[in-house]
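Trainee: File start.txt follows (compact mmCIF, C-alpha atoms and all ligand atoms):
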```
# COMPACT_ATOMS: atom_id res chain seq x y z
CA MET A 782 0.00 0.00 0.00
CA SER A 783 2.71 2.44 -0.99
CA GLY A 784 0.21 5.13 -1.96
CA PHE A 785 -1.11 5.46 1.59
CA SER A 786 0.40 6.81 4.77
CA PHE A 787 -0.69 8.47 7.98
CA THR A 788 1.53 10.90 9.84
CA ILE A 789 0.57 12.32 13.21
CA GLU A 790 1.88 15.87 13.53
CA SER A 791 0.62 16.71 17.02
CA GLU A 792 -1.25 14.99 19.80
CA ASP A 793 -3.20 16.65 22.57
CA GLY A 794 -4.74 14.14 24.96
CA ALA A 795 -6.48 11.57 22.78
CA ALA A 796 -6.91 14.10 19.94
CA ARG A 797 -4.53 14.05 17.00
CA ALA A 798 -3.70 16.35 14.10
CA GLY A 799 -2.40 14.30 11.21
CA VAL A 800 -2.01 13.92 7.48
CA PHE A 801 -3.63 10.97 5.72
CA THR A 802 -2.05 10.54 2.30
CA THR A 803 -3.89 8.66 -0.46
CA PRO A 804 -3.15 8.05 -4.16
CA HIS A 805 -5.34 11.09 -4.94
CA GLY A 806 -3.80 13.47 -2.45
CA ARG A 807 -3.67 14.40 1.20
CA VAL A 808 -6.28 14.83 3.86
CA ASP A 809 -5.45 16.99 6.86
CA THR A 810 -7.06 15.39 9.88
CA PRO A 811 -9.31 15.62 11.76
CA ALA A 812 -11.53 16.08 8.72
CA PHE A 813 -15.18 16.08 7.77
CA MET A 814 -15.93 14.26 4.50
CA ALA A 815 -18.95 15.47 2.55
CA VAL A 816 -21.26 12.68 1.41
CA GLY A 817 -21.84 12.24 -2.31
CA THR A 818 -24.06 9.16 -2.12
CA LEU A 819 -24.93 9.11 -5.83
CA ALA A 820 -21.64 10.58 -7.06
CA THR A 821 -22.81 14.08 -6.18
CA VAL A 822 -22.73 16.03 -2.94
CA LYS A 823 -26.31 17.18 -3.32
CA ALA A 824 -26.62 20.70 -4.79
CA LEU A 825 -22.82 21.27 -4.76
CA ASP A 826 -20.27 20.77 -7.50
CA PRO A 827 -16.60 19.86 -7.09
CA ASP A 828 -15.50 23.51 -7.43
CA ASP A 829 -17.69 24.42 -4.43
CA LEU A 830 -16.07 21.65 -2.42
CA ARG A 831 -12.54 22.67 -3.36
CA ALA A 832 -13.28 26.32 -2.57
CA MET A 833 -14.33 25.45 0.97
CA GLY A 834 -11.23 23.34 1.51
CA ALA A 835 -12.92 19.93 1.46
CA GLN A 836 -10.28 17.31 0.72
CA MET A 837 -12.03 13.93 0.75
CA ILE A 838 -15.57 12.92 -0.13
CA LEU A 839 -17.76 9.82 -0.04
CA GLY A 840 -19.69 7.73 -2.50
CA ASN A 841 -21.99 4.81 -1.73
CA ALA A 842 -21.63 1.32 -3.23
CA TYR A 843 -25.27 0.31 -2.74
CA HIS A 844 -26.70 3.37 -4.44
CA LEU A 845 -24.16 3.49 -7.27
CA HIS A 846 -24.55 -0.23 -7.92
CA LEU A 847 -28.28 0.31 -8.48
CA ARG A 848 -27.90 3.61 -10.36
CA PRO A 849 -26.14 4.09 -12.76
CA GLY A 850 -24.47 0.70 -12.11
CA ASP A 851 -20.89 0.25 -10.93
CA GLU A 852 -19.91 -1.08 -14.34
CA VAL A 853 -21.08 2.14 -15.96
CA VAL A 854 -18.88 4.06 -13.54
CA ARG A 855 -15.94 1.78 -14.33
CA GLU A 856 -16.46 2.25 -18.08
CA MET A 857 -16.50 6.01 -17.52
CA GLY A 858 -13.06 5.84 -15.93
CA GLY A 859 -14.04 5.33 -12.29
CA LEU A 860 -15.69 7.59 -9.75
CA HIS A 861 -13.00 10.30 -9.82
CA ALA A 862 -13.33 10.85 -13.57
CA PHE A 863 -17.10 10.26 -13.64
CA MET A 864 -17.92 12.95 -11.07
CA GLY A 865 -15.07 15.32 -11.86
CA TRP A 866 -13.42 15.08 -8.44
CA ASP A 867 -9.70 14.34 -8.53
CA GLY A 868 -9.20 14.32 -4.74
CA PRO A 869 -9.45 11.36 -2.37
CA ILE A 870 -12.73 9.41 -2.32
CA LEU A 871 -14.04 6.79 0.09
CA THR A 872 -16.88 4.43 -0.74
CA ASP A 873 -19.15 2.98 1.88
CA SER A 874 -19.99 -0.66 1.23
CA GLY A 875 -23.75 -0.28 1.40
CA GLY A 876 -24.08 -2.47 4.50
CA PHE A 877 -25.96 0.30 6.27
CA GLN A 878 -28.38 0.75 3.34
CA VAL A 879 -29.02 -2.96 2.79
CA PHE A 880 -29.67 -3.60 6.47
CA SER A 881 -32.00 -0.60 6.62
CA LEU A 882 -34.34 -2.28 4.12
CA GLU A 883 -36.58 -3.83 6.82
CA GLY A 884 -38.78 -6.55 5.37
CA LEU A 885 -36.98 -6.36 2.05
CA ARG A 886 -34.00 -8.52 2.95
CA THR A 887 -32.83 -11.98 4.02
CA VAL A 888 -29.54 -12.38 5.86
CA SER A 889 -27.48 -15.57 5.71
CA GLU A 890 -23.87 -16.38 6.43
CA ASP A 891 -23.15 -16.03 2.73
CA GLY A 892 -24.56 -12.50 2.43
CA VAL A 893 -27.79 -10.56 2.08
CA GLU A 894 -30.60 -10.90 -0.43
CA PHE A 895 -32.66 -7.78 -0.83
CA ARG A 896 -35.02 -5.96 -3.11
CA SER A 897 -33.89 -2.77 -4.79
CA HIS A 898 -35.63 0.27 -3.32
CA ILE A 899 -35.90 1.62 -6.88
CA ASP A 900 -37.63 -1.15 -8.86
CA GLY A 901 -38.12 -4.01 -6.38
CA SER A 902 -35.74 -6.31 -8.30
CA LEU A 903 -34.12 -9.11 -6.28
CA ARG A 904 -30.42 -8.56 -5.60
CA ALA A 905 -27.73 -10.23 -3.52
CA PHE A 906 -24.68 -8.77 -1.81
CA THR A 907 -21.87 -10.93 -0.54
CA PRO A 908 -18.56 -9.68 0.86
CA GLU A 909 -16.96 -10.68 -2.44
CA SER A 910 -19.54 -9.02 -4.71
CA VAL A 911 -19.42 -5.79 -2.71
CA MET A 912 -15.62 -5.71 -3.06
CA ARG A 913 -16.03 -6.09 -6.82
CA ILE A 914 -18.53 -3.21 -6.86
CA GLU A 915 -16.16 -1.01 -4.86
CA ARG A 916 -13.33 -1.96 -7.13
CA ASN A 917 -15.34 -0.92 -10.17
CA LEU A 918 -16.10 2.41 -8.50
CA GLY A 919 -12.38 2.87 -7.87
CA ALA A 920 -12.35 4.96 -4.67
CA ASP A 921 -9.12 5.33 -2.71
CA VAL A 922 -10.60 3.87 0.46
CA ILE A 923 -13.15 1.07 0.31
CA MET A 924 -15.13 -0.09 3.33
CA GLN A 925 -15.71 -3.74 4.16
CA PHE A 926 -19.21 -5.25 3.84
CA ASP A 927 -20.51 -5.54 7.39
CA HIS A 928 -23.63 -6.61 9.28
CA VAL A 929 -25.28 -3.45 10.61
CA ILE A 930 -27.83 -3.61 13.45
CA PRO A 931 -30.00 -1.02 15.26
CA GLY A 932 -28.20 1.03 17.92
CA GLN A 933 -29.91 -0.43 20.97
CA SER A 934 -29.66 -4.10 19.99
CA ASP A 935 -29.20 -6.57 22.86
CA GLU A 936 -25.93 -8.33 23.48
CA PRO A 937 -26.66 -11.63 21.63
CA THR A 938 -27.85 -9.74 18.53
CA ALA A 939 -24.86 -7.40 18.60
CA ARG A 940 -22.47 -10.31 19.16
CA ASP A 941 -23.90 -12.28 16.25
CA ALA A 942 -23.61 -9.29 13.88
CA SER A 943 -20.15 -8.30 15.09
CA GLU A 944 -18.78 -11.81 14.71
CA ARG A 945 -20.34 -12.16 11.27
CA SER A 946 -18.77 -8.84 10.28
CA LEU A 947 -15.37 -10.22 11.30
CA ARG A 948 -15.88 -13.33 9.18
CA TRP A 949 -17.01 -11.14 6.29
CA LEU A 950 -13.93 -8.96 6.74
CA ALA A 951 -11.74 -12.01 6.13
CA ARG A 952 -13.66 -12.72 2.92
CA CYS A 953 -13.39 -9.08 1.79
CA ALA A 954 -9.65 -9.13 2.45
CA ALA A 955 -9.23 -12.41 0.54
CA GLU A 956 -11.05 -10.94 -2.46
CA VAL A 957 -8.89 -7.80 -2.40
CA ALA A 958 -5.73 -9.90 -2.05
CA ARG A 959 -6.73 -11.78 -5.19
CA TRP A 960 -6.68 -8.50 -7.17
CA ASP A 961 -3.46 -7.34 -5.60
CA ALA A 962 -1.85 -10.46 -6.96
CA SER A 963 -2.92 -9.46 -10.48
CA ALA A 964 -0.97 -6.98 -12.57
CA SER A 965 -3.98 -4.75 -13.29
CA SER A 966 -4.48 -3.90 -9.65
CA GLN A 967 -5.20 -0.28 -8.75
CA GLU A 968 -4.39 1.05 -5.35
CA GLN A 969 -7.26 0.87 -2.93
CA ALA A 970 -7.13 0.56 0.84
CA LEU A 971 -9.69 -1.71 2.51
CA PHE A 972 -10.85 -0.37 5.87
CA PRO A 973 -12.29 -2.88 8.34
CA ILE A 974 -15.24 -1.78 10.50
CA VAL A 975 -15.39 -2.20 14.27
CA GLN A 976 -18.94 -3.22 15.27
CA GLY A 977 -20.43 -4.40 18.57
CA GLY A 978 -23.29 -2.02 19.33
CA ILE A 979 -23.13 -0.31 22.72
CA HIS A 980 -21.53 -3.32 24.42
CA GLU A 981 -18.01 -2.55 25.60
CA SER A 982 -16.76 -6.12 25.69
CA LEU A 983 -17.95 -6.73 22.13
CA ARG A 984 -16.37 -3.52 20.87
CA ARG A 985 -13.11 -4.37 22.58
CA ALA A 986 -13.12 -7.91 21.20
CA ALA A 987 -13.89 -6.66 17.68
CA ALA A 988 -11.19 -3.97 17.78
CA ARG A 989 -8.56 -6.43 19.01
CA SER A 990 -9.54 -9.15 16.61
CA ILE A 991 -9.39 -6.76 13.63
CA ARG A 992 -6.13 -5.20 14.80
CA ASP A 993 -4.53 -8.62 15.10
CA SER A 994 -5.83 -9.89 11.76
CA GLY A 995 -3.96 -7.60 9.38
CA ASP A 996 -1.90 -4.50 8.71
CA TRP A 997 -4.83 -2.20 7.98
CA VAL A 998 -4.31 1.26 6.49
CA GLY A 999 -7.13 2.65 8.66
CA TYR A 1000 -10.12 1.61 10.73
CA GLY A 1001 -13.84 2.30 10.49
CA ILE A 1002 -15.98 2.56 13.61
CA GLY A 1003 -19.52 1.65 12.59
CA GLY A 1004 -22.93 1.21 14.16
CA LEU A 1005 -22.95 4.46 16.14
CA SER A 1006 -25.39 7.36 15.88
CA VAL A 1007 -28.07 4.81 14.93
CA GLY A 1008 -30.49 5.39 17.78
CA GLU A 1009 -28.33 4.90 20.88
CA ALA A 1010 -27.96 7.66 23.52
CA LYS A 1011 -25.07 10.09 22.96
CA PRO A 1012 -23.29 9.18 26.22
CA ASP A 1013 -23.26 5.57 24.99
CA MET A 1014 -21.63 6.64 21.74
CA TYR A 1015 -18.95 8.68 23.56
CA ARG A 1016 -18.25 5.81 25.98
CA ILE A 1017 -17.82 3.34 23.10
CA LEU A 1018 -15.45 5.72 21.32
CA GLU A 1019 -13.26 5.81 24.42
CA VAL A 1020 -13.24 2.01 24.59
CA VAL A 1021 -12.33 1.66 20.92
CA ASP A 1022 -9.67 4.40 21.15
CA GLY A 1023 -7.82 2.27 23.68
CA ASP A 1024 -7.80 -0.81 21.47
CA LEU A 1025 -6.99 0.46 18.00
CA PRO A 1026 -3.42 1.21 16.92
CA ARG A 1027 -2.79 4.92 17.41
CA ASP A 1028 -0.70 5.25 14.26
CA ARG A 1029 -3.62 4.63 11.86
CA PRO A 1030 -6.55 6.89 10.99
CA ARG A 1031 -9.93 6.15 12.60
CA TYR A 1032 -13.10 6.92 10.71
CA LEU A 1033 -16.34 7.31 12.69
CA MET A 1034 -19.00 6.39 10.16
CA GLY A 1035 -22.16 8.40 9.62
CA VAL A 1036 -21.67 10.80 12.51
CA GLY A 1037 -21.79 14.45 11.55
CA PHE A 1038 -23.58 16.77 13.91
CA PRO A 1039 -21.19 19.51 15.03
CA GLU A 1040 -21.26 18.54 18.71
CA ASP A 1041 -20.53 14.89 17.80
CA LEU A 1042 -17.54 15.92 15.71
CA VAL A 1043 -16.07 17.94 18.57
CA GLU A 1044 -16.69 15.10 21.05
CA GLY A 1045 -15.26 12.56 18.59
CA VAL A 1046 -12.06 14.52 17.98
CA GLY A 1047 -11.44 14.55 21.74
CA ARG A 1048 -11.72 10.75 21.70
CA GLY A 1049 -9.18 10.10 18.97
CA VAL A 1050 -11.34 10.12 15.82
CA ASP A 1051 -9.74 11.45 12.61
CA LEU A 1052 -12.41 11.19 9.91
CA PHE A 1053 -16.15 11.83 9.91
CA ASP A 1054 -18.96 11.83 7.37
CA CYS A 1055 -22.69 12.47 7.47
CA VAL A 1056 -25.54 13.44 5.18
CA ALA A 1057 -26.82 15.81 7.90
CA PRO A 1058 -25.39 19.09 6.53
CA THR A 1059 -26.93 18.70 3.08
CA ARG A 1060 -30.14 16.96 4.21
CA MET A 1061 -30.76 19.56 6.90
CA GLY A 1062 -29.83 22.32 4.52
CA ARG A 1063 -32.51 21.21 2.12
CA ASN A 1064 -34.98 21.40 5.02
CA GLY A 1065 -34.00 24.95 5.90
CA ALA A 1066 -31.78 24.19 8.91
CA ALA A 1067 -28.41 25.94 9.24
CA PHE A 1068 -25.55 25.29 11.65
CA THR A 1069 -24.23 28.38 13.40
CA ARG A 1070 -21.77 28.85 16.24
CA ASP A 1071 -24.77 29.63 18.44
CA GLY A 1072 -26.64 26.45 17.59
CA ARG A 1073 -28.95 25.43 14.82
CA LEU A 1074 -31.48 27.80 13.28
CA ASN A 1075 -34.36 27.27 10.90
CA ILE A 1076 -34.24 29.89 8.20
CA LYS A 1077 -37.93 29.47 7.38
CA ARG A 1078 -39.02 31.09 10.64
CA ALA A 1079 -40.71 34.47 10.51
CA GLU A 1080 -38.13 36.02 12.87
CA PHE A 1081 -35.64 36.15 9.95
CA ARG A 1082 -37.92 38.08 7.57
CA LEU A 1083 -35.96 41.33 7.94
CA ASP A 1084 -32.70 39.91 9.31
CA LYS A 1085 -29.77 41.55 7.51
CA ARG A 1086 -27.13 39.33 9.09
CA PRO A 1087 -25.56 36.35 7.31
CA LEU A 1088 -26.40 32.84 8.53
CA ASP A 1089 -23.31 32.99 10.78
CA GLU A 1090 -21.34 36.20 11.17
CA ALA A 1091 -18.00 34.38 11.53
CA CYS A 1092 -18.54 32.13 8.51
CA ASP A 1093 -16.54 32.85 5.36
CA CYS A 1094 -18.54 30.62 3.01
CA SER A 1095 -19.79 32.13 -0.23
CA ALA A 1096 -23.39 32.19 1.08
CA CYS A 1097 -22.47 34.11 4.24
CA ARG A 1098 -20.16 36.50 2.40
CA ARG A 1099 -22.95 37.61 0.05
CA PHE A 1100 -26.45 36.95 1.35
CA SER A 1101 -28.65 37.88 4.30
CA ARG A 1102 -30.83 35.57 6.35
CA ALA A 1103 -33.81 37.52 5.02
CA TYR A 1104 -32.85 36.76 1.42
CA ILE A 1105 -32.25 33.06 2.03
CA ARG A 1106 -35.53 32.85 3.98
CA HIS A 1107 -37.26 34.41 0.99
CA LEU A 1108 -35.70 31.81 -1.33
CA PHE A 1109 -37.04 29.00 0.87
CA THR A 1110 -40.46 30.56 1.19
CA ALA A 1111 -40.65 30.91 -2.59
CA ASP A 1112 -39.33 27.37 -3.20
CA GLU A 1113 -36.33 28.67 -5.13
CA ILE A 1114 -33.60 26.04 -5.57
CA LEU A 1115 -30.85 28.54 -4.80
CA GLY A 1116 -32.04 28.44 -1.18
CA LEU A 1117 -31.32 24.70 -0.91
CA ARG A 1118 -27.95 25.19 -2.52
CA LEU A 1119 -26.86 28.06 -0.27
CA LEU A 1120 -27.79 26.25 2.94
CA SER A 1121 -26.12 23.02 1.80
CA LEU A 1122 -23.01 24.96 0.91
CA HIS A 1123 -22.96 26.79 4.24
CA ASN A 1124 -23.54 23.64 6.32
CA VAL A 1125 -20.82 21.58 4.64
CA HIS A 1126 -18.42 24.52 4.84
CA PHE A 1127 -19.28 24.89 8.53
CA LEU A 1128 -18.22 21.31 9.32
CA VAL A 1129 -15.11 21.40 7.12
CA ARG A 1130 -14.04 24.60 8.86
CA LEU A 1131 -14.95 23.23 12.30
CA MET A 1132 -12.50 20.38 11.79
CA ARG A 1133 -9.86 22.78 10.46
CA ASP A 1134 -10.27 24.88 13.63
CA ALA A 1135 -10.08 21.76 15.81
CA ARG A 1136 -6.87 20.79 14.01
CA GLY A 1137 -5.42 24.20 14.84
CA ALA A 1138 -6.39 23.80 18.50
CA ILE A 1139 -4.72 20.37 18.66
CA ARG A 1140 -1.55 21.82 17.19
CA ASP A 1141 -1.68 24.64 19.75
CA GLY A 1142 -2.22 22.15 22.58
CA THR A 1143 -5.53 23.77 23.52
CA ILE A 1144 -8.10 21.25 22.30
CA ASP A 1145 -9.71 20.72 25.72
CA ALA A 1146 -10.39 24.41 26.34
CA TRP A 1147 -11.34 24.98 22.70
CA SER A 1148 -13.85 22.10 22.75
CA LYS A 1149 -15.38 23.23 26.03
CA ASP A 1150 -15.82 26.81 24.83
CA TRP A 1151 -17.15 25.68 21.47
CA LEU A 1152 -19.69 23.26 22.94
CA THR A 1153 -20.84 25.72 25.61
CA ARG A 1154 -21.61 28.32 23.00
CA TYR A 1155 -23.14 25.92 20.46
CA LEU A 1156 -25.40 24.22 22.98
CA SER A 1157 -26.35 27.39 24.89
CA ARG A 1158 -29.40 28.10 22.79
CA PRO A 1159 -32.14 25.50 22.43
CA VAL A 1160 -32.64 24.28 18.86
CA THR A 1161 -35.51 26.14 17.26
CA SER A 1162 -38.33 23.92 16.04
CA GLU A 1163 -37.81 22.66 12.51
ZN ZN B 1201 -21.65 30.31 5.78
```
Represent the structure from my file as structure tokens, please.
Ligand SMILES: [Zn+2]

Mentor:
Amino acid sequence: MSGFSFTIESEDGAARAGVFTTPHGRVDTPAFMAVGTLATVKALDPDDLRAMGAQMILGNAYHLHLRPGDEVVREMGGLHAFMGWDGPILTDSGGFQVFSLEGLRTVSEDGVEFRSHIDGSLRAFTPESVMRIERNLGADVIMQFDHVIPGQSDEPTARDASERSLRWLARCAAEVARWDASASSQEQALFPIVQGGIHESLRRAAARSIRDSGDWVGYGIGGLSVGEAKPDMYRILEVVDGDLPRDRPRYLMGVGFPEDLVEGVGRGVDLFDCVAPTRMGRNGAAFTRDGRLNIKRAEFRLDKRPLDEACDCSACRRFSRAYIRHLFTADEILGLRLLSLHNVHFLVRLMRDARGAIRDGTIDAWSKDWLTRYLSRPVTSE
């Protein structure tokens, strides 16, 4: 894996400021990765992402397999060429999506049979087939196919899924090793995923078992922010932090509210992703340093201020809350775009600021101040 490396530049408690290098460039960590499920970060184009300093983005194997088809993407030169993004990309395996299809799926040791949410056609994912899909997509980092369960699952259910995920990891790794042996191999790093629900002993066992099973470029932490209480998530992060090698990047999957990012950084997480900033943006919700606001509310009708006075995104530099509220009220698509742009920028910048605080050795005080201010105002109804 010569194209990948991870260098830690500073540590402050459990928090780290590092550089994750991939075949398509570097990622300064901690970092927020914008989610481009269908090969597009909704309402934003790659120039927007570059302008805000985003370095790495996500695609999703399940969605791209169904539409336009991973083979179409491969024929078009892979995800980087297809979507016009030449920076690092990570693809999620689709485990989360497939296991979310309640009533539409059958799980066996071999894999999962499910019906497409688009046309109801019967499909099957196995660890091997998902690796082939992710290979066709051609992202820098590919996630293993894992068994995802609801956040509050009991111990036997969580154990069963975690142990199956470990067996599936071995099959994913064997499939990837088969390509690496062939001359046509492109460089992709397979990240394993630590599962185990909210059960400390399961998380510890999974982290150790994965750590001892290979020389992984980085580690995913999955199955959090799926319905469990926040203190449970933070406690599990601390457990996992103690059992994963410190010299590899850790990616907390699907967790992207600002307060969770700040709490995660303090517990040794390097990479985050979430659809929240774009999904919430399309619903009229904006992150600000003083908490979340809903731009559709009448109180912003004559508000001349930007969404956040300290934000340097292109929405905040040019437009008032009153204008953006008007766009939403009138169903103008520019409104969705501006809020999506602001929210993604907000998280990218938040992680850049956290990185600075780690380098200054002030992450504890910075986090405390940031959280106090952000959480000081109750979230307005949305
Ligand atoms: Zn902004």

Trainee: Any idea what's packed within 7 Å of segment 1001-1017 of chain A, counting all atoms listed in the file, ignoring anything in its chain fewer than 6 positions away? Could you give it as a list in words?

Mentor: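 Using all atoms listed in the file, the neighbours found are Val929, Ile930, Pro931, Gly932, Gln933, Phe972, Pro973, Ile974, Val975, Gln976, Gly978, Ile979, Glu981, Arg1031, Tyr1032, Leu1033, Met1034 and Val1036 of chain A.
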
Trainee: Write to file, as an mmCIF file, in the coordinates of the input, the residues of the selection just made, with C-alpha atoms.

Mentor:
```cif
data_model
loop_
_atom_site.group_PDB
_atom_site.id
_atom_site.type_symbol
_atom_site.label_atom_id
_atom_site.label_comp_id
_atom_site.auth_asym_id
_atom_site.auth_seq_id
_atom_site.Cartn_x
_atom_site.Cartn_y
_atom_site.Cartn_z
ATOM 1 C CA VAL A 929 -25.280 -3.450 10.610
ATOM 2 C CA ILE A 930 -27.830 -3.610 13.450
ATOM 3 C CA PRO A 931 -30.000 -1.020 15.260
ATOM 4 C CA GLY A 932 -28.200 1.030 17.920
ATOM 5 C CA GLN A 933 -29.910 -0.430 20.970
ATOM 6 C CA PHE A 972 -10.850 -0.370 5.870
ATOM 7 C CA PRO A 973 -12.290 -2.880 8.340
ATOM 8 C CA ILE A 974 -15.240 -1.780 10.500
ATOM 9 C CA VAL A 975 -15.390 -2.200 14.270
ATOM 10 C CA GLN A 976 -18.940 -3.220 15.270
ATOM 11 C CA GLY A 978 -23.290 -2.020 19.330
ATOM 12 C CA ILE A 979 -23.130 -0.310 22.720
ATOM 13 C CA GLU A 981 -18.010 -2.550 25.600
ATOM 14 C CA ARG A 1031 -9.930 6.150 12.600
ATOM 15 C CA TYR A 1032 -13.100 6.920 10.710
ATOM 16 C CA LEU A 1033 -16.340 7.310 12.690
ATOM 17 C CA MET A 1034 -19.000 6.390 10.160
ATOM 18 C CA VAL A 1036 -21.670 10.800 12.510
#
```

Trainee: Calculated over all atoms listed in the file, which of the candidates A:Tyr1155, A:Phe1053, A:Phe1081, A:Phe1068 has the smallest distance to ligand ZN 1201 (chain B)?

Mentor: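 Closest candidate: A:Phe1068.
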
Trainee: For atom CA of Val800 of chain A and atom CA of Ser786 of chain A, quote the distance in Å rounded to one decimal.

Mentor: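 Pair atom CA of Val800 of chain A / atom CA of Ser786 of chain A returns 8.0 Å.
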
Trainee: Restricting the calculation to only C-alpha atoms: of A:Ala1057, A:Ala820, A:Gly977, A:Trp1147, which residue gets closest to Asp1134 of chain A?

Mentor: A:Trp1147

Trainee: Box for segment 1133-1150 of chain A: with edges along x, y and z, all listed atoms inside and 5 Å added on each side, what are the centre and edge lengths in Å to one decimal, as lines of an AutoDock Vina configuration file?

Mentor:
```
center_x = -8.7
center_y = 23.6
center_z = 18.4
size_x = 24.3
size_y = 16.4
size_z = 25.9
```

Trainee: Could you list, as a PyMOL selection string, all residues that come within 9 Å of ligand ZN 1201 (chain B)? Count all atoms listed in the file.

Mentor: chain A and resi 1067-1069+1087-1098+1119-1120+1122-1127

Trainee: Between atom CA of Arg984 of chain A and atom CA of Val1046 of chain A, what is the spacing in Å?

Mentor: 18.8 Å

Trainee: For Val879 of chain A, work out the shell of residues within 8 Å, counting all atoms listed in the file and skipping chain neighbours fewer than 5 positions away, then give it as a PyMOL selection string.

Mentor: chain A and resi 843+886+893+895

Trainee: Find the distance between atom CA of Phe906 of chain A and atom CA of Thr821 of chain A and write it in Å to one decimal.

Mentor: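 It comes out at 23.3 Å.
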
Trainee: Taking only C-alpha atoms into account, which of A:Asp1150, A:Asp829, A:Glu968, A:Asp809 comes nearest Ile789 of chain A?

Mentor: A:Asp809

Trainee: Calculated over only C-alpha atoms, which of the candidates A:Arg1158, A:Glu852, A:Thr1153, A:Ala1135 has the smallest distance to Thr810 of chain A?

Mentor: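 Checking each of A:Arg1158, A:Glu852, A:Thr1153, A:Ala1135 against Thr810 of chain A, counting only C-alpha atoms, the winner is A:Ala1135.
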
Trainee: Excluding Met864 of chain A and its own-chain neighbours fewer than 3 positions away, which residues fall within 12 Å of it when counting only C-alpha atoms? Please give them as a ChimeraX atom specification.

Mentor: /A:817-822,825-828,838-840,845,854-855,857-861,867-868,870,918-920

Trainee: Keeping only C-alpha atoms, write those residues as a PDB file, keeping the file's coordinate frame.

Mentor:
```
ATOM      1  CA  GLY A 817     -21.840  12.240  -2.310  1.00  0.00           C
ATOM      2  CA  THR A 818     -24.060   9.160  -2.120  1.00  0.00           C
ATOM      3  CA  LEU A 819     -24.930   9.110  -5.830  1.00  0.00           C
ATOM      4  CA  ALA A 820     -21.640  10.580  -7.060  1.00  0.00           C
ATOM      5  CA  THR A 821     -22.810  14.080  -6.180  1.00  0.00           C
ATOM      6  CA  VAL A 822     -22.730  16.030  -2.940  1.00  0.00           C
ATOM      7  CA  LEU A 825     -22.820  21.270  -4.760  1.00  0.00           C
ATOM      8  CA  ASP A 826     -20.270  20.770  -7.500  1.00  0.00           C
ATOM      9  CA  PRO A 827     -16.600  19.860  -7.090  1.00  0.00           C
ATOM     10  CA  ASP A 828     -15.500  23.510  -7.430  1.00  0.00           C
ATOM     11  CA  ILE A 838     -15.570  12.920  -0.130  1.00  0.00           C
ATOM     12  CA  LEU A 839     -17.760   9.820  -0.040  1.00  0.00           C
ATOM     13  CA  GLY A 840     -19.690   7.730  -2.500  1.00  0.00           C
ATOM     14  CA  LEU A 845     -24.160   3.490  -7.270  1.00  0.00           C
ATOM     15  CA  VAL A 854     -18.880   4.060 -13.540  1.00  0.00           C
ATOM     16  CA  ARG A 855     -15.940   1.780 -14.330  1.00  0.00           C
ATOM     17  CA  MET A 857     -16.500   6.010 -17.520  1.00  0.00           C
ATOM     18  CA  GLY A 858     -13.060   5.840 -15.930  1.00  0.00           C
ATOM     19  CA  GLY A 859     -14.040   5.330 -12.290  1.00  0.00           C
ATOM     20  CA  LEU A 860     -15.690   7.590  -9.750  1.00  0.00           C
ATOM     21  CA  HIS A 861     -13.000  10.300  -9.820  1.00  0.00           C
ATOM     22  CA  ASP A 867      -9.700  14.340  -8.530  1.00  0.00           C
ATOM     23  CA  GLY A 868      -9.200  14.320  -4.740  1.00  0.00           C
ATOM     24  CA  ILE A 870     -12.730   9.410  -2.320  1.00  0.00           C
ATOM     25  CA  LEU A 918     -16.100   2.410  -8.500  1.00  0.00           C
ATOM     26  CA  GLY A 919     -12.380   2.870  -7.870  1.00  0.00           C
ATOM     27  CA  ALA A 920     -12.350   4.960  -4.670  1.00  0.00           C
TER      28      ALA A 920
END
```

Trainee: Considering only C-alpha atoms, can you say which of A:Thr1110, A:Arg1082, A:Glu1040, A:Arg940 comes closest to Arg1154 of chain A?

Mentor: A:Glu1040

Trainee: Considering all atoms listed in the file, return as a compact mmCIF listing (two decimals) with C-alpha atoms, keeping the file's coordinate frame whatever protein or nucleic-acid residues lie within 10 Å of Pro811 of chain A, sequence-local ones (same chain, fewer than 6 positions apart) excluded.

Mentor:
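Printed below is part_14.txt as written:
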```txt
# COMPACT_ATOMS: atom_id res chain seq x y z
CA ALA A 796 -6.91 14.10 19.94
CA ARG A 797 -4.53 14.05 17.00
CA ALA A 798 -3.70 16.35 14.10
CA GLY A 799 -2.40 14.30 11.21
CA VAL A 800 -2.01 13.92 7.48
CA PHE A 801 -3.63 10.97 5.72
CA PRO A 1030 -6.55 6.89 10.99
CA ARG A 1031 -9.93 6.15 12.60
CA TYR A 1032 -13.10 6.92 10.71
CA LEU A 1042 -17.54 15.92 15.71
CA VAL A 1043 -16.07 17.94 18.57
CA GLY A 1045 -15.26 12.56 18.59
CA VAL A 1046 -12.06 14.52 17.98
CA GLY A 1049 -9.18 10.10 18.97
CA VAL A 1050 -11.34 10.12 15.82
CA ASP A 1051 -9.74 11.45 12.61
CA LEU A 1052 -12.41 11.19 9.91
CA PHE A 1053 -16.15 11.83 9.91
CA VAL A 1129 -15.11 21.40 7.12
CA LEU A 1131 -14.95 23.23 12.30
CA MET A 1132 -12.50 20.38 11.79
CA ARG A 1133 -9.86 22.78 10.46
CA ASP A 1134 -10.27 24.88 13.63
CA ALA A 1135 -10.08 21.76 15.81
CA ARG A 1136 -6.87 20.79 14.01
CA GLY A 1137 -5.42 24.20 14.84
CA ILE A 1139 -4.72 20.37 18.66
```

Trainee: Which residues are near Cys953 of chain A? Cut-off 8 Å, all atoms listed in the file, ignore same chain within fewer than 5 positions. Put them as a ChimeraX atom specification.

Mentor: /A:908-909,912,925-926

Trainee: Which is closer to His844 of chain A than all the others in A:Asp873, A:Asp1041, A:Asp891, A:Glu883, using all atoms listed in the file?

Mentor: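 Of A:Asp873, A:Asp1041, A:Asp891, A:Glu883, the one nearest His844 of chain A is A:Asp873, counting all atoms listed in the file.
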